[in-house]
file model-v6.cif (mmCIF, C-alpha atoms)
data_target
#
loop_
_atom_site.label_atom_id
_atom_site.label_comp_id
_atom_site.auth_asym_id
_atom_site.auth_seq_id
_atom_site.Cartn_x
_atom_site.Cartn_y
_atom_site.Cartn_z
CA MET A 1 118.06 24.40 -50.63
CA ILE A 2 118.42 24.71 -46.84
CA LYS A 3 121.67 26.01 -45.32
CA ILE A 4 122.54 26.82 -41.72
CA ARG A 5 125.61 28.80 -40.80
CA ILE A 6 127.21 30.41 -37.81
CA VAL A 7 126.71 34.17 -37.60
CA THR A 8 129.64 36.56 -38.02
CA LYS A 9 129.81 40.31 -37.47
CA ALA A 10 129.04 40.75 -41.17
CA ASP A 11 125.56 39.34 -40.42
CA THR A 12 124.70 41.97 -37.78
CA GLU A 13 122.03 43.82 -39.75
CA VAL A 14 120.39 40.64 -41.04
CA LEU A 15 120.33 39.13 -37.55
CA ALA A 16 118.91 42.30 -35.97
CA LEU A 17 116.14 42.44 -38.58
CA LEU A 18 115.37 38.71 -38.30
CA GLY A 19 115.21 39.12 -34.52
CA ARG A 20 112.75 41.99 -34.72
CA LEU A 21 110.52 40.36 -37.31
CA THR A 22 110.41 36.87 -35.84
CA TRP A 23 109.92 38.02 -32.24
CA SER A 24 107.13 40.37 -33.30
CA GLU A 25 105.45 37.64 -35.36
CA SER A 26 105.66 35.02 -32.63
CA HIS A 27 105.03 37.12 -29.51
CA GLY A 28 103.72 40.55 -30.49
CA HIS A 29 100.06 39.50 -30.53
CA TYR A 30 100.27 38.38 -26.88
CA ILE A 31 101.19 41.87 -25.68
CA GLU A 32 98.29 44.31 -25.41
CA ASP A 33 100.23 47.58 -25.47
CA LYS A 34 101.98 47.77 -28.85
CA ASN A 35 104.27 50.46 -27.45
CA ASP A 36 105.63 47.76 -25.12
CA VAL A 37 106.34 45.59 -28.16
CA LEU A 38 108.20 48.41 -29.89
CA LYS A 39 110.18 49.23 -26.75
CA TYR A 40 111.15 45.57 -26.30
CA LEU A 41 112.22 45.28 -29.94
CA ASN A 42 114.29 48.47 -29.73
CA GLU A 43 115.97 47.34 -26.50
CA ASN A 44 116.76 43.80 -27.66
CA PHE A 45 117.22 43.88 -31.43
CA SER A 46 119.00 47.12 -32.21
CA ILE A 47 122.15 47.04 -34.33
CA SER A 48 124.32 47.99 -31.33
CA ILE A 49 122.83 45.31 -29.03
CA THR A 50 123.09 42.71 -31.79
CA LYS A 51 126.78 43.62 -32.32
CA GLN A 52 127.41 43.24 -28.58
CA ASN A 53 125.66 39.87 -28.53
CA ILE A 54 127.59 38.54 -31.52
CA SER A 55 130.85 39.63 -29.85
CA ASN A 56 130.01 37.86 -26.58
CA PRO A 57 132.06 34.62 -26.43
CA LYS A 58 129.24 32.86 -24.52
CA GLN A 59 126.62 33.56 -27.20
CA PHE A 60 126.37 31.72 -30.51
CA PHE A 61 123.98 32.58 -33.32
CA TYR A 62 122.97 30.47 -36.31
CA ILE A 63 120.97 31.65 -39.34
CA ILE A 64 118.94 29.26 -41.47
CA TYR A 65 118.55 30.05 -45.17
CA VAL A 66 116.06 28.79 -47.74
CA ASP A 67 117.38 29.33 -51.27
CA ASP A 68 119.89 31.86 -49.89
CA LEU A 69 117.15 33.87 -48.14
CA PRO A 70 117.63 34.24 -44.35
CA VAL A 71 114.39 33.01 -42.80
CA GLY A 72 115.19 32.18 -39.19
CA TYR A 73 117.81 31.95 -36.51
CA ALA A 74 118.78 30.46 -33.18
CA LYS A 75 120.70 31.85 -30.21
CA LEU A 76 122.59 29.54 -27.88
CA VAL A 77 124.02 30.81 -24.60
CA VAL A 78 126.61 28.59 -22.93
CA ASN A 79 126.79 28.28 -19.15
CA ALA A 80 123.50 30.13 -18.67
CA SER A 81 122.12 29.29 -15.26
CA ASN A 82 118.57 28.59 -14.20
CA LYS A 83 117.36 27.54 -10.74
CA ASN A 84 115.58 24.55 -12.32
CA ILE A 85 118.73 23.20 -14.01
CA THR A 86 121.24 21.23 -11.94
CA SER A 87 123.88 20.70 -14.64
CA GLN A 88 126.96 22.90 -14.42
CA ASN A 89 127.62 22.21 -18.10
CA SER A 90 124.40 23.47 -19.67
CA CYS A 91 123.32 25.89 -22.34
CA GLN A 92 120.20 27.93 -22.93
CA LEU A 93 118.46 27.89 -26.26
CA GLU A 94 117.46 31.51 -25.72
CA ARG A 95 115.88 31.96 -29.13
CA ILE A 96 114.86 29.82 -32.05
CA PHE A 97 112.60 31.57 -34.52
CA ILE A 98 111.44 31.03 -38.09
CA LEU A 99 109.56 33.64 -40.13
CA ASN A 100 105.87 32.68 -40.21
CA ASP A 101 105.80 32.19 -44.00
CA PHE A 102 108.47 29.48 -43.70
CA ILE A 103 107.14 27.54 -40.69
CA PRO A 104 105.20 25.12 -42.95
CA LEU A 105 108.54 23.95 -44.39
CA LYS A 106 109.32 22.37 -40.98
CA ILE A 107 112.84 23.84 -41.01
CA GLY A 108 112.66 24.63 -37.30
CA GLN A 109 113.43 20.96 -36.72
CA GLN A 110 116.56 21.16 -38.86
CA LEU A 111 117.68 24.28 -37.00
CA LEU A 112 117.09 22.68 -33.59
CA ASP A 113 118.98 19.52 -34.63
CA PHE A 114 121.88 21.65 -35.87
CA VAL A 115 122.04 23.67 -32.65
CA GLU A 116 121.93 20.51 -30.53
CA GLU A 117 124.89 19.15 -32.52
CA GLN A 118 126.80 22.38 -31.97
CA ALA A 119 126.14 22.14 -28.22
CA LYS A 120 127.38 18.54 -28.17
CA LYS A 121 130.57 19.62 -29.97
CA MET A 122 131.08 22.14 -27.15
CA GLN A 123 130.73 19.19 -24.74
CA LEU A 124 127.61 20.59 -23.08
CA ASP A 125 125.25 18.04 -21.55
CA THR A 126 121.95 19.86 -20.98
CA MET A 127 119.94 22.32 -23.04
CA TRP A 128 117.18 24.41 -21.50
CA LEU A 129 114.78 27.04 -22.75
CA ASN A 130 111.66 28.88 -21.76
CA VAL A 131 108.44 29.21 -23.71
CA TYR A 132 105.33 31.28 -23.12
CA VAL A 133 102.51 29.19 -21.62
CA LYS A 134 100.08 30.28 -24.37
CA ASN A 135 102.46 29.36 -27.23
CA ASN A 136 100.93 25.93 -27.80
CA ARG A 137 102.63 25.26 -31.14
CA ALA A 138 106.09 25.83 -29.60
CA ILE A 139 105.22 23.75 -26.53
CA ARG A 140 104.20 20.80 -28.75
CA PHE A 141 107.42 21.22 -30.79
CA TYR A 142 109.63 21.02 -27.70
CA GLU A 143 107.70 18.10 -26.23
CA ARG A 144 108.08 16.20 -29.53
CA ASN A 145 111.81 16.85 -29.23
CA GLU A 146 111.96 15.27 -25.76
CA PHE A 147 112.22 18.46 -23.73
CA LYS A 148 110.72 18.05 -20.26
CA ASN A 149 108.89 20.67 -18.21
CA VAL A 150 111.14 21.44 -15.22
CA GLY A 151 109.66 24.67 -13.88
CA GLU A 152 108.45 28.19 -14.58
CA LEU A 153 109.74 31.73 -14.86
CA ASN A 154 108.33 35.15 -15.61
CA PHE A 155 109.52 36.65 -18.89
CA MET A 156 109.48 40.42 -18.52
CA VAL A 157 108.41 42.84 -21.25
CA ASN A 158 108.51 46.47 -20.16
CA GLY A 159 107.83 45.59 -16.51
CA GLN A 160 105.00 43.16 -17.30
CA GLY A 161 105.59 39.48 -16.46
CA TYR A 162 104.50 36.68 -18.78
CA GLN A 163 104.39 33.15 -17.36
CA ASN A 164 106.81 30.81 -19.15
CA ILE A 165 107.50 27.10 -18.88
CA VAL A 166 111.13 26.07 -18.45
CA PHE A 167 111.99 23.02 -20.56
CA SER A 168 115.17 20.98 -20.28
CA LYS A 169 116.75 18.14 -22.23
CA LYS A 170 119.87 16.01 -21.81
CA ILE A 171 121.90 16.20 -25.00
#

call {"tool": "encode", "arguments": {"input": "model-v6.cif", "output": "structure tokens"}}
result
Amino acid sequence: MIKIRIVTKADTEVLALLGRLTWSESHGHYIEDKNDVLKYLNENFSISITKQNISNPKQFFYIIYVDDLPVGYAKLVVNASNKNITSQNSCQLERIFILNDFIPLKIGQQLLDFVEEQAKKMQLDTMWLNVYVKNNRAIRFYERNEFKNVGELNFMVNGQGYQNIVFSKKI
């Protein structure tokens, strides 16, 4: 059974661990220096940073469960600006990750649909995100979901820039 729920402070440890695991699985192999991966994970998915993020009123997290096992999550940031986005009422889908073992279940689609509905309830009109140019599976996923390429940005990991596509969608 699939369930999606909004994260609370009680989910801090689970969210931090999911963040570390899913980011490492999806992006770790693109980064040559594994010390850079570890540094990035420590800086972005520690318990203290995760607590701060959950407490931020502009950030919303959602965990997806399969048979009560947490297997993925999404992070939505309201009113996040980007030079390629003209809407003043937008949100950034900063993260949407599923553990590799569960990707074949196609639950990423359910999570994206859920997050889009949450954004609509908040009366937001545009969702944007960035994706690494070499992440072809993710690019195809967003294109299937009617996201349009509206620009580029460099995603920084320990001072090293990685070219990303900026996608946007009216919701």

call {"tool": "atom_distance", "arguments": {"input": "model-v6.cif", "atom1": "atom CA of Cys91 of chain A", "atom2": "atom CA of Lys170 of chain A"}}
result
10.5 Å

call {"tool": "closest_residue", "arguments": {"input": "model-v6.cif", "among": "A:Lys134, A:Lys120, A:Arg95, A:Lys75", "to": "Gln163 of chain A", "atoms": "all atoms listed in the file"}}
result
A:Lys134

call {"tool": "resolve_selection", "arguments": {"input": "model-v6.cif", "expression": "the PyMOL selection byres ((chain A and resi 19) around 10)", "output": "mmCIF file with C-alpha atoms, in the frame of the given file"}}
result
data_model
loop_
_atom_site.group_PDB
_atom_site.id
_atom_site.type_symbol
_atom_site.label_atom_id
_atom_site.label_comp_id
_atom_site.auth_asym_id
_atom_site.auth_seq_id
_atom_site.Cartn_x
_atom_site.Cartn_y
_atom_site.Cartn_z
ATOM 1 C CA GLU A 13 122.030 43.820 -39.750
ATOM 2 C CA VAL A 14 120.390 40.640 -41.040
ATOM 3 C CA LEU A 15 120.330 39.130 -37.550
ATOM 4 C CA ALA A 16 118.910 42.300 -35.970
ATOM 5 C CA LEU A 17 116.140 42.440 -38.580
ATOM 6 C CA LEU A 18 115.370 38.710 -38.300
ATOM 7 C CA ARG A 20 112.750 41.990 -34.720
ATOM 8 C CA LEU A 21 110.520 40.360 -37.310
ATOM 9 C CA THR A 22 110.410 36.870 -35.840
ATOM 10 C CA TRP A 23 109.920 38.020 -32.240
ATOM 11 C CA SER A 24 107.130 40.370 -33.300
ATOM 12 C CA GLU A 25 105.450 37.640 -35.360
ATOM 13 C CA LEU A 41 112.220 45.280 -29.940
ATOM 14 C CA ASN A 44 116.760 43.800 -27.660
ATOM 15 C CA PHE A 45 117.220 43.880 -31.430
ATOM 16 C CA SER A 46 119.000 47.120 -32.210
ATOM 17 C CA THR A 50 123.090 42.710 -31.790
ATOM 18 C CA GLY A 72 115.190 32.180 -39.190
ATOM 19 C CA TYR A 73 117.810 31.950 -36.510
ATOM 20 C CA ALA A 74 118.780 30.460 -33.180
ATOM 21 C CA ARG A 95 115.880 31.960 -29.130
ATOM 22 C CA ILE A 96 114.860 29.820 -32.050
ATOM 23 C CA PHE A 97 112.600 31.570 -34.520
ATOM 24 C CA ILE A 98 111.440 31.030 -38.090
ATOM 25 C CA LEU A 99 109.560 33.640 -40.130
#

call {"tool": "residues_around", "arguments": {"input": "model-v6.cif", "residues": "Phe114 of chain A", "least_positions_apart": "3", "cutoff": "10 Å", "atoms": "all atoms listed in the file", "output": "list of chain:residue names"}}
result
A:Ile4, A:Arg5, A:Tyr62, A:Ile64, A:Ala74, A:Gly108, A:Gln109, A:Gln110, A:Leu111, A:Glu117, A:Gln118, A:Ala119, A:Lys120

call {"tool": "closest_atom_pairs", "arguments": {"input": "model-v6.cif", "of": "segment 51-97 of chain A", "to": "segment 138-153 of chain A", "cutoff": "9 Å", "atoms": "all atoms listed in the file", "output": "tab-separated table"}}
result
residue	atom	partner	partner_atom	distance
A:Lys83	CA	A:Gly151	CA	8.8
A:Asn84	CA	A:Gly151	CA	6.1
A:Ile85	CA	A:Val150	CA	7.9

call {"tool": "closest_residue", "arguments": {"input": "model-v6.cif", "among": "A:Met156, A:Ile47, A:Val66, A:Val77", "to": "Thr12 of chain A", "atoms": "all atoms listed in the file"}}
result
A:Ile47

call {"tool": "closest_residue", "arguments": {"input": "model-v6.cif", "among": "A:Asp33, A:Asp68, A:Glu43, A:Asp11", "to": "Ser55 of chain A", "atoms": "all atoms listed in the file"}}
result
A:Asp11

call {"tool": "atom_distance", "arguments": {"input": "model-v6.cif", "atom1": "atom CA of Asp101 of chain A", "atom2": "atom CA of Asn154 of chain A"}}
result
28.7 Å
